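*Asks:* My file is input_7.csv. It has CSV, C-alpha atoms and all ligand atoms:
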```csv
chain,number,residue,atom,x,y,z
A,1488,MET,CA,10.4,12.6,12.7
A,1489,ARG,CA,8.6,15.9,12.4
A,1490,PRO,CA,5.1,16.5,10.9
A,1491,VAL,CA,4.9,19.2,8.2
A,1492,SER,CA,1.8,20.5,6.5
A,1493,PRO,CA,1.4,20.0,2.7
A,1494,ASP,CA,1.6,23.7,1.8
A,1495,GLU,CA,4.3,25.0,-0.5
A,1496,ALA,CA,6.9,25.5,2.3
A,1497,GLY,CA,6.2,22.1,3.8
A,1498,LEU,CA,6.5,20.3,0.5
A,1499,ALA,CA,9.7,22.2,-0.4
A,1500,ARG,CA,11.2,21.1,2.9
A,1501,ALA,CA,10.1,17.5,2.3
A,1502,ALA,CA,11.5,17.5,-1.2
A,1503,ARG,CA,14.8,18.8,0.1
A,1504,ALA,CA,14.8,16.1,2.8
A,1505,LEU,CA,14.4,13.4,0.2
A,1506,GLN,CA,17.2,14.9,-2.0
A,1507,ALA,CA,19.5,14.9,1.1
A,1508,GLY,CA,18.9,11.2,1.9
A,1509,GLY,CA,16.2,11.8,4.5
A,1510,LEU,CA,13.0,9.7,4.8
A,1511,VAL,CA,9.7,11.3,4.2
A,1512,ALA,CA,6.4,9.7,5.0
A,1513,PHE,CA,3.6,11.1,2.8
A,1514,PRO,CA,-0.1,10.4,2.0
A,1515,THR,CA,-1.2,8.7,-1.2
A,1516,GLU,CA,-4.8,7.8,-2.2
A,1517,THR,CA,-4.1,4.3,-0.8
A,1518,VAL,CA,-2.1,4.5,2.4
A,1519,TYR,CA,0.8,6.5,3.8
A,1520,GLY,CA,4.2,5.6,2.3
A,1521,LEU,CA,7.7,5.9,3.8
A,1522,GLY,CA,9.7,7.4,1.0
A,1523,ALA,CA,13.4,7.5,0.1
A,1524,ALA,CA,15.3,8.6,-3.0
A,1525,VAL,CA,15.5,5.4,-4.9
A,1526,THR,CA,18.9,6.4,-6.3
A,1527,ASP,CA,20.3,6.6,-2.7
A,1528,GLY,CA,21.2,3.1,-1.4
A,1529,GLY,CA,21.8,4.4,2.1
A,1530,ALA,CA,18.4,6.1,2.4
A,1531,VAL,CA,16.7,3.0,1.0
A,1532,ALA,CA,18.6,0.9,3.5
A,1533,ARG,CA,17.2,3.1,6.3
A,1534,VAL,CA,13.6,2.4,5.0
A,1535,TYR,CA,14.2,-1.3,5.4
A,1536,ALA,CA,15.7,-0.8,8.8
A,1537,ALA,CA,13.0,1.5,10.1
A,1538,LYS,CA,10.3,-1.0,9.0
A,1539,GLY,CA,12.2,-4.2,9.9
A,1540,ARG,CA,11.4,-5.3,6.4
A,1541,PRO,CA,13.3,-8.3,5.0
A,1542,ALA,CA,15.7,-7.2,2.2
A,1543,HIS,CA,14.3,-9.7,-0.2
A,1544,ASN,CA,11.0,-7.8,-0.4
A,1545,PRO,CA,11.3,-5.1,-3.1
A,1546,LEU,CA,9.8,-1.6,-2.8
A,1547,ILE,CA,7.4,0.2,-5.2
A,1548,VAL,CA,9.0,3.1,-7.0
A,1549,HIS,CA,6.8,6.2,-7.1
A,1550,VAL,CA,7.2,8.7,-10.0
A,1551,ALA,CA,5.6,12.0,-10.9
A,1552,SER,CA,4.8,11.2,-14.5
A,1553,LEU,CA,4.4,8.5,-17.1
A,1554,GLU,CA,7.5,9.8,-18.8
A,1555,ALA,CA,9.5,9.3,-15.6
A,1556,ALA,CA,8.1,5.7,-15.4
A,1557,ARG,CA,9.1,5.0,-19.0
A,1558,ARG,CA,12.7,5.9,-18.2
A,1559,LEU,CA,12.9,3.1,-15.5
A,1560,GLY,CA,10.6,0.3,-16.9
A,1561,ALA,CA,10.1,-1.2,-20.3
A,1562,PHE,CA,6.5,-0.5,-21.3
A,1563,ASP,CA,4.9,-2.8,-23.8
A,1564,GLY,CA,1.4,-2.2,-25.3
A,1565,ARG,CA,-0.4,-3.6,-22.3
A,1566,ALA,CA,1.5,-1.4,-19.9
A,1567,GLU,CA,0.9,1.6,-22.0
A,1568,LEU,CA,-2.9,0.9,-22.1
A,1569,LEU,CA,-3.1,0.4,-18.3
A,1570,ALA,CA,-0.9,3.4,-17.5
A,1571,GLU,CA,-2.9,5.7,-19.9
A,1572,ALA,CA,-6.2,4.5,-18.4
A,1573,PHE,CA,-5.4,4.4,-14.7
A,1574,TRP,CA,-2.4,6.6,-13.9
A,1575,PRO,CA,-2.2,8.6,-11.9
A,1576,GLY,CA,-3.9,6.1,-9.5
A,1577,PRO,CA,-3.8,3.1,-7.3
A,1578,LEU,CA,-2.1,0.8,-9.8
A,1579,THR,CA,1.4,-0.6,-9.6
A,1580,LEU,CA,3.0,-2.2,-12.7
A,1581,VAL,CA,5.9,-4.7,-12.5
A,1582,LEU,CA,7.9,-4.3,-15.6
A,1583,PRO,CA,11.4,-5.3,-16.9
A,1584,GLN,CA,13.9,-2.7,-15.8
A,1585,ARG,CA,15.4,-0.4,-18.5
A,1586,ARG,CA,19.1,-0.2,-18.1
A,1587,PRO,CA,21.3,1.6,-17.5
A,1588,ASN,CA,19.4,3.2,-14.6
A,1589,ARG,CA,20.3,4.6,-11.2
A,1590,LEU,CA,17.8,2.4,-9.2
A,1591,SER,CA,19.4,1.2,-5.9
A,1592,ALA,CA,19.6,-2.6,-6.2
A,1593,LEU,CA,18.3,-2.8,-2.6
A,1594,ALA,CA,15.0,-1.1,-3.7
A,1595,THR,CA,14.4,-3.8,-6.3
A,1596,ALA,CA,15.8,-6.6,-4.1
A,1597,GLY,CA,18.3,-7.4,-6.9
A,1598,LEU,CA,15.5,-8.4,-9.4
A,1599,ASP,CA,15.5,-7.5,-13.1
A,1600,THR,CA,12.1,-6.0,-12.7
A,1601,VAL,CA,10.8,-2.8,-11.2
A,1602,ALA,CA,7.4,-2.0,-9.6
A,1603,LEU,CA,6.3,1.4,-10.8
A,1604,ARG,CA,3.4,3.6,-9.6
A,1605,PHE,CA,2.3,7.1,-10.5
A,1606,PRO,CA,0.1,7.9,-7.5
A,1607,GLY,CA,-2.9,10.2,-7.8
A,1608,HIS,CA,-3.1,11.9,-4.4
A,1609,PRO,CA,-2.4,15.6,-4.9
A,1610,VAL,CA,0.1,15.8,-2.0
A,1611,ALA,CA,2.0,12.8,-3.3
A,1612,ARG,CA,2.1,14.2,-6.8
A,1613,ALA,CA,3.3,17.6,-5.6
A,1614,LEU,CA,6.0,16.1,-3.4
A,1615,LEU,CA,7.3,13.8,-6.2
A,1616,ALA,CA,7.3,16.7,-8.7
A,1617,ALA,CA,9.1,19.0,-6.2
A,1618,ALA,CA,11.7,16.3,-5.3
A,1619,GLY,CA,12.4,15.6,-9.0
A,1620,LEU,CA,13.4,12.0,-8.4
A,1621,PRO,CA,11.8,8.6,-8.2
A,1622,VAL,CA,10.9,7.7,-4.6
A,1623,ALA,CA,10.9,4.1,-3.2
A,1624,ALA,CA,8.0,3.9,-0.7
A,1625,PRO,CA,6.5,1.0,1.1
A,1626,SER,CA,3.7,1.6,3.6
A,1627,ALA,CA,4.9,3.6,6.6
A,1628,ASN,CA,4.5,1.0,9.3
A,1629,PRO,CA,6.6,-1.8,10.8
A,1630,SER,CA,6.8,-4.7,8.4
A,1631,GLY,CA,3.9,-7.1,8.7
A,1632,GLN,CA,1.6,-4.8,10.7
A,1633,THR,CA,-1.5,-2.8,9.9
A,1634,SER,CA,-0.9,0.0,7.3
A,1635,PRO,CA,-1.2,3.7,8.2
A,1636,THR,CA,-4.0,5.9,6.8
A,1637,THR,CA,-3.3,9.0,8.9
A,1638,ALA,CA,-0.2,10.9,9.8
A,1639,ALA,CA,-0.9,10.1,13.5
A,1640,HIS,CA,-0.7,6.4,12.6
A,1641,VAL,CA,2.7,7.0,11.1
A,1642,LEU,CA,4.0,8.9,14.1
A,1643,ALA,CA,2.7,6.2,16.5
A,1644,ASP,CA,4.3,3.4,14.4
A,1645,LEU,CA,7.6,4.9,13.3
A,1646,GLY,CA,8.1,8.0,15.4
A,1647,ASP,CA,10.8,6.3,17.5
A,1648,ALA,CA,12.4,4.5,14.6
A,1649,LEU,CA,13.1,7.6,12.5
A,1650,ASP,CA,15.6,10.4,12.8
A,1651,PRO,CA,14.1,13.5,14.5
A,1652,LEU,CA,16.2,15.9,12.5
A,1653,ARG,CA,16.4,14.4,9.0
A,1654,ASP,CA,13.1,12.6,8.6
A,1655,LEU,CA,9.6,14.1,8.1
A,1656,VAL,CA,6.0,13.1,7.8
A,1657,VAL,CA,3.8,15.2,5.5
A,1658,ASP,CA,0.4,15.4,7.1
A,1659,GLY,CA,-2.2,15.3,4.3
A,1660,GLY,CA,-5.1,14.0,6.3
A,1661,ASP,CA,-6.9,10.7,5.8
A,1662,CYS,CA,-6.1,8.5,2.8
A,1663,PRO,CA,-9.2,8.5,0.6
A,1664,LEU,CA,-9.0,4.9,-0.7
A,1665,GLY,CA,-7.6,3.1,2.4
A,1666,VAL,CA,-6.2,-0.1,0.8
A,1667,GLU,CA,-2.9,-0.6,-1.0
A,1668,SER,CA,-2.4,-0.4,-4.8
A,1669,THR,CA,-3.3,-3.2,-7.1
A,1670,VAL,CA,0.0,-4.8,-8.3
A,1671,VAL,CA,0.0,-6.3,-11.8
A,1672,ASP,CA,3.0,-8.2,-13.2
A,1673,LEU,CA,3.6,-7.5,-16.9
A,1674,SER,CA,7.2,-8.7,-16.9
A,1675,SER,CA,6.5,-11.6,-19.1
A,1676,PRO,CA,5.1,-10.8,-22.5
A,1677,ASP,CA,2.6,-13.7,-22.7
A,1678,ARG,CA,0.8,-13.3,-19.4
A,1679,ALA,CA,-0.5,-10.7,-17.1
A,1680,ARG,CA,-0.7,-11.6,-13.4
A,1681,LEU,CA,-2.4,-10.0,-10.5
A,1682,LEU,CA,0.2,-10.1,-7.7
A,1683,ARG,CA,-1.9,-8.2,-5.2
A,1684,PRO,CA,-5.6,-7.2,-5.3
A,1685,GLY,CA,-5.9,-3.5,-4.3
A,1686,GLY,CA,-7.6,-0.2,-4.8
A,1687,LEU,CA,-8.2,-0.7,-8.5
A,1688,PRO,CA,-10.6,-3.6,-8.9
A,1689,ARG,CA,-9.6,-6.6,-11.0
A,1690,ALA,CA,-12.6,-6.4,-13.3
A,1691,VAL,CA,-11.7,-2.9,-14.3
A,1692,LEU,CA,-8.2,-4.0,-15.4
A,1693,GLY,CA,-9.4,-7.2,-17.2
A,1694,GLY,CA,-11.7,-5.1,-19.3
A,1695,LEU,CA,-8.7,-3.5,-20.9
A,1696,ILE,CA,-6.1,-6.3,-21.2
A,1697,GLY,CA,-8.1,-9.5,-20.8
A,1698,PRO,CA,-8.3,-11.8,-17.8
A,1699,LEU,CA,-5.5,-11.7,-15.2
A,1700,LEU,CA,-3.9,-14.8,-13.7
A,1701,GLY,CA,-3.4,-15.1,-10.0
A,1702,PRO,CA,-2.9,-14.0,-7.4
A,1703,GLU,CA,-2.8,-17.6,-6.2
A,1704,ALA,CA,-0.5,-20.0,-7.9
A,1705,GLU,CA,3.1,-18.7,-8.2
A,1706,ALA,CA,2.4,-15.2,-7.0
A,1707,PRO,CA,4.3,-15.5,-3.7
A,1708,LEU,CA,7.4,-16.7,-5.6
A,1709,ARG,CA,7.2,-13.9,-8.1
A,1710,SER,CA,6.5,-11.2,-5.5
A,1711,PRO,CA,8.3,-11.9,-2.3
A,1712,GLY,CA,6.1,-9.5,-0.3
A,1713,LEU,CA,3.1,-11.7,-0.8
A,1714,LEU,CA,4.4,-14.4,1.5
A,1715,GLY,CA,2.6,-15.1,4.8
A,1716,ARG,CA,1.1,-13.1,7.5
A,1717,HIS,CA,0.8,-9.3,6.8
A,1718,TYR,CA,-1.3,-6.3,7.6
A,1719,ALA,CA,-1.7,-7.9,11.1
A,1720,PRO,CA,-2.9,-6.2,14.3
A,1721,ARG,CA,-1.7,-7.5,17.7
A,1722,LEU,CA,-5.0,-9.3,18.5
A,1723,PRO,CA,-6.0,-12.6,16.7
A,1724,ILE,CA,-8.6,-12.2,14.0
A,1725,ARG,CA,-11.6,-14.5,13.3
A,1726,LEU,CA,-13.1,-14.1,9.9
A,1727,ASP,CA,-16.7,-14.6,8.6
A,1728,ALA,CA,-18.1,-14.4,12.1
A,1729,CYS,CA,-21.8,-15.3,12.5
A,1730,GLU,CA,-21.8,-14.7,16.3
A,1731,VAL,CA,-19.6,-12.8,18.7
A,1732,GLY,CA,-17.9,-14.2,21.8
A,1733,PRO,CA,-18.0,-12.3,25.1
A,1734,ASP,CA,-14.4,-11.1,24.9
A,1735,GLU,CA,-14.3,-10.4,21.2
A,1736,ALA,CA,-14.5,-7.0,19.6
A,1737,LEU,CA,-16.6,-6.9,16.4
A,1738,LEU,CA,-15.6,-5.4,13.1
A,1739,ALA,CA,-19.0,-5.2,11.5
A,1740,PHE,CA,-20.2,-4.6,8.0
A,1741,GLY,CA,-23.6,-3.6,6.8
A,1742,PRO,CA,-26.9,-2.5,8.4
A,1743,ASP,CA,-27.4,-5.6,10.7
A,1744,PRO,CA,-24.3,-5.9,12.9
A,1745,LEU,CA,-24.2,-9.0,15.0
A,1746,MET,CA,-25.7,-8.5,18.4
A,1747,GLY,CA,-24.0,-9.0,21.8
A,1748,ALA,CA,-20.5,-7.4,21.2
A,1749,ARG,CA,-19.4,-5.0,23.8
A,1750,ILE,CA,-17.0,-3.2,21.4
A,1751,VAL,CA,-18.2,-2.6,17.8
A,1752,LEU,CA,-17.0,-0.6,14.9
A,1753,ASN,CA,-18.8,-0.8,11.6
A,1754,LEU,CA,-16.8,-0.6,8.3
A,1755,SER,CA,-19.9,0.6,6.5
A,1756,VAL,CA,-23.4,0.7,7.9
A,1757,ASP,CA,-24.7,1.1,4.3
A,1758,GLY,CA,-22.7,-1.9,3.1
A,1759,ARG,CA,-20.6,0.2,0.8
A,1760,LEU,CA,-17.2,-1.3,-0.1
A,1761,ASP,CA,-15.4,2.0,-0.8
A,1762,GLU,CA,-16.4,3.2,2.7
A,1763,ALA,CA,-15.3,-0.1,4.2
A,1764,ALA,CA,-11.9,0.1,2.5
A,1765,ARG,CA,-11.4,3.6,3.7
A,1766,ASN,CA,-12.2,2.6,7.3
A,1767,LEU,CA,-10.4,-0.8,7.3
A,1768,TYR,CA,-7.1,0.0,8.9
A,1769,ALA,CA,-8.2,2.8,11.2
A,1770,HIS,CA,-11.0,0.5,12.6
A,1771,LEU,CA,-8.6,-2.4,13.0
A,1772,ARG,CA,-6.2,-0.2,14.9
A,1773,ARG,CA,-8.9,1.1,17.2
A,1774,LEU,CA,-10.2,-2.4,18.0
A,1775,ASP,CA,-6.6,-3.6,18.4
A,1776,ALA,CA,-6.1,-1.0,21.1
A,1777,SER,CA,-9.2,-2.1,23.0
A,1778,ASP,CA,-9.2,-4.6,25.9
A,1779,ALA,CA,-10.8,-7.3,23.8
A,1780,ALA,CA,-9.0,-10.7,23.4
A,1781,ALA,CA,-9.7,-11.1,19.7
A,1782,ILE,CA,-11.4,-9.4,16.7
A,1783,ALA,CA,-14.3,-11.0,15.0
A,1784,VAL,CA,-15.0,-9.9,11.5
A,1785,MET,CA,-18.4,-10.2,9.7
A,1786,PRO,CA,-18.4,-11.5,6.1
A,1787,ILE,CA,-17.7,-9.0,3.4
A,1788,PRO,CA,-18.6,-9.6,-0.2
A,1789,GLU,CA,-15.5,-10.3,-2.4
A,1790,GLU,CA,-16.5,-8.2,-5.4
A,1791,GLY,CA,-14.9,-5.0,-6.6
A,1792,LEU,CA,-12.9,-3.5,-3.7
A,1793,GLY,CA,-14.1,-6.4,-1.6
A,1794,GLU,CA,-11.4,-8.6,-3.1
A,1795,ALA,CA,-8.6,-6.3,-1.6
A,1796,ILE,CA,-10.4,-6.0,1.7
A,1797,ALA,CA,-10.8,-9.8,2.0
A,1798,ASP,CA,-7.2,-10.3,1.0
A,1799,ARG,CA,-5.9,-8.0,3.7
A,1800,LEU,CA,-8.2,-9.5,6.4
A,1801,ARG,CA,-7.2,-13.1,5.4
A,1802,ARG,CA,-3.5,-12.3,5.6
A,1803,ALA,CA,-4.0,-10.4,8.9
A,1804,ALA,CA,-5.7,-13.5,10.2
A,1805,ALA,CA,-3.1,-16.0,8.9
B,1,LIG,P1,4.3,-3.0,0.0
B,1,LIG,O1,4.7,-4.0,1.0
B,1,LIG,O2,3.0,-2.4,0.2
B,1,LIG,O3,5.4,-2.1,-0.3
B,1,LIG,O4,4.1,-3.9,-1.3
B,1,LIG,C1,4.8,-3.9,-2.5
B,1,LIG,C2,4.5,-5.1,-3.2
B,1,LIG,O5,5.1,-5.1,-4.5
B,1,LIG,C3,5.1,-6.3,-2.5
B,1,LIG,O6,4.2,-7.4,-2.5
B,1,LIG,C4,6.3,-6.6,-3.3
B,1,LIG,O7,6.7,-8.0,-3.3
B,1,LIG,C5,5.9,-6.2,-4.7
B,1,LIG,N1,7.0,-5.8,-5.6
B,1,LIG,C6,7.7,-4.7,-5.5
B,1,LIG,N2,8.7,-4.7,-6.5
B,1,LIG,C7,8.5,-5.9,-7.2
B,1,LIG,C8,9.1,-6.5,-8.3
B,1,LIG,N3,10.2,-5.9,-8.9
B,1,LIG,N4,8.7,-7.7,-8.7
B,1,LIG,C9,7.6,-8.2,-8.1
B,1,LIG,N5,7.0,-7.7,-7.1
B,1,LIG,C10,7.4,-6.6,-6.6
B,2,MG,MG,3.0,-2.6,3.6
```
Written as structure tokens, that's how I'd like the structure from this file.
*Replies:*
Amino acid sequence: MRPVSPDEAGLARAARALQAGGLVAFPTETVYGLGAAVTDGGAVARVYAAKGRPAHNPLIVHVASLEAARRLGAFDGRAELLAEAFWPGPLTLVLPQRRPNRLSALATAGLDTVALRFPGHPVARALLAAAGLPVAAPSANPSGQTSPTTAAHVLADLGDALDPLRDLVVDGGDCPLGVESTVVDLSSPDRARLLRPGGLPRAVLGGLIGPLLGPEAEAPLRSPGLLGRHYAPRLPIRLDACEVGPDEALLAFGPDPLMGARIVLNLSVDGRLDEAARNLYAHLRRLDASDAAAIAVMPIPEEGLGEAIADRLRRAAA
């Protein structure tokens, strides 16, 4: 897989690769995605294969406009409200599919619903517009492992799994948000369910369409990707640490990191949750590459973006 820059020539090349069935990793405001034309079952199958992702875990379909999303999903009043307010942005809506459509059944794991997102990152927007087709894109990392927030992460994770001639990574620098999109299920008319906390805080959403159910309860059944251990580094993770062991690396948060650790990275010295989200995966990857035996994580408040950070850390530790 070759890196290209996000200039006009690079984006045109990446768009052509997508149209020809190639895989293109690209930056979004959340994490890097591994994209394939969603109409091309063979390309989508290669995404699952490259990631080692189970076929029952459906992919988010990325589009370049609200109009493009409306062609694939049935928008009701709530979906219109959320899309108008938060798209382009880190929000994924699970809606009933509109048929007929050309979505590969593999991308939706054979469900009657489709997960749609119109991302806000300028490089993602330009690529989707140039390709002129919806792009299925999970995070560009092996299934279950830490997500990539730089092109170098993608190359390190998938460089060997992808085709050096057909597949590309668009290097758009660091992802500004750093945690995955918030996934809201609006597929049943009488309830809205938060399937995954993410880059758009729950309270912001609830303000528009009322309180959201979940993610607990039935979420794992409704959204297969929510099952079990995920986002996990190689080393074991210990949450809510109040002290550090001699062979532990410390993932600190705030102005008073625990004393005594040999290896320390601080998510945010100022205790800012947006900075912590942006640093989360890169810091986990660096600590994971150290010679420590485990990673101890200091407590992080579960408000705003903290809900998504805590969710990822809990599942990394599961
Ligand atoms: P990721 O692993 O980051 O690609 O996450 C995508 C998430 O969206 C996973 O939790 C999927 O299970 C969920 N998802 C994608 N499509 C659907 C769908 N049609 N219905 C419910 N959840 C979905
Ligand atoms: Mg992922």
*Asks:* Taking all atoms listed in the file into account, which of A:Pro1606, A:Pro1742, A:Pro1587, A:Gly1646 comes nearest A:Met1488?
*Replies:*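 Selected residue with least distance to A:Met1488: A:Gly1646.
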*Asks:* May I ask which of the residues A:Gly1631, A:Gly1619, A:Pro1676, A:Pro1688 is the closest one to ligand MG 2 (chain B), counting all atoms listed in the file?
*Replies:*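 Of A:Gly1631, A:Gly1619, A:Pro1676, A:Pro1688, the one nearest ligand MG 2 (chain B), counting all atoms listed in the file, is A:Gly1631.
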*Asks:* Tell me, as a tab-separated table (two decimals) with C-alpha atoms, in the frame of the given file, which residues lie within 8 Å of A:Val1550, counting all atoms listed in the file; anything in the same chain fewer than 5 positions away does not count.
*Replies:*
```
chain	number	residue	atom	x	y	z
A	1555	ALA	CA	9.50	9.30	-15.60
A	1556	ALA	CA	8.10	5.70	-15.40
A	1603	LEU	CA	6.30	1.40	-10.80
A	1604	ARG	CA	3.40	3.60	-9.60
A	1605	PHE	CA	2.30	7.10	-10.50
A	1606	PRO	CA	0.10	7.90	-7.50
A	1615	LEU	CA	7.30	13.80	-6.20
A	1620	LEU	CA	13.40	12.00	-8.40
A	1621	PRO	CA	11.80	8.60	-8.20
A	1622	VAL	CA	10.90	7.70	-4.60
```
*Asks:* Can you find the residues with an atom no farther than 6 Å from (-0.8, 7.6, 7.4), counting only C-alpha atoms, and report them as a PyMOL selection string?
*Replies:* chain A and resi 1519+1635-1638+1640-1641
*Asks:* Could you state the separation of atom CA of A:Leu1695 and atom CA of A:Leu1682 in Å, given to one decimal place?
*Replies:* 17.2 Å
*Asks:* Restrict the calculation to all atoms listed in the file, then for each residue of chain A with any atom at most 12 Å from an atom of ligand MG 2 (chain B) give the closest atom pair and their distance in Å to one decimal, rows by chain and rising residue number, as CSV.
*Replies:*
```
residue,atom,partner,partner_atom,distance
A:Thr1517,CA,B:MG2,MG,10.8
A:Val1518,CA,B:MG2,MG,8.8
A:Tyr1519,CA,B:MG2,MG,9.4
A:Gly1520,CA,B:MG2,MG,8.4
A:Leu1521,CA,B:MG2,MG,9.7
A:Val1534,CA,B:MG2,MG,11.8
A:Tyr1535,CA,B:MG2,MG,11.4
A:Lys1538,CA,B:MG2,MG,9.2
A:Gly1539,CA,B:MG2,MG,11.3
A:Arg1540,CA,B:MG2,MG,9.3
A:Pro1541,CA,B:MG2,MG,11.9
A:Asn1544,CA,B:MG2,MG,10.3
A:Pro1545,CA,B:MG2,MG,11.0
A:Leu1546,CA,B:MG2,MG,9.4
A:Ile1547,CA,B:MG2,MG,10.2
A:Ala1624,CA,B:MG2,MG,9.3
A:Pro1625,CA,B:MG2,MG,5.6
A:Ser1626,CA,B:MG2,MG,4.3
A:Ala1627,CA,B:MG2,MG,7.1
A:Asn1628,CA,B:MG2,MG,6.9
A:Pro1629,CA,B:MG2,MG,8.1
A:Ser1630,CA,B:MG2,MG,6.5
A:Gly1631,CA,B:MG2,MG,6.9
A:Gln1632,CA,B:MG2,MG,7.6
A:Thr1633,CA,B:MG2,MG,7.7
A:Ser1634,CA,B:MG2,MG,6.0
A:Pro1635,CA,B:MG2,MG,8.9
A:Thr1636,CA,B:MG2,MG,11.5
A:Val1666,CA,B:MG2,MG,9.9
A:Glu1667,CA,B:MG2,MG,7.7
A:Ser1668,CA,B:MG2,MG,10.2
A:Arg1683,CA,B:MG2,MG,11.5
A:Gly1685,CA,B:MG2,MG,11.9
A:Gly1712,CA,B:MG2,MG,8.5
A:Leu1713,CA,B:MG2,MG,10.1
A:Arg1716,CA,B:MG2,MG,11.4
A:His1717,CA,B:MG2,MG,7.7
A:Tyr1718,CA,B:MG2,MG,6.9
A:Ala1719,CA,B:MG2,MG,10.3
A:Tyr1768,CA,B:MG2,MG,11.7
A:Arg1799,CA,B:MG2,MG,10.4
A:Arg1802,CA,B:MG2,MG,11.8
A:Ala1803,CA,B:MG2,MG,11.7
```
*Asks:* Quick check, in Å to one decimal: how far apart do atom O4 of ligand LIG 1 (chain B) and atom CA of A:Pro1720 lie?
*Replies:*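 Going from atom O4 of ligand LIG 1 (chain B) over to atom CA of A:Pro1720 covers 17.3 Å.
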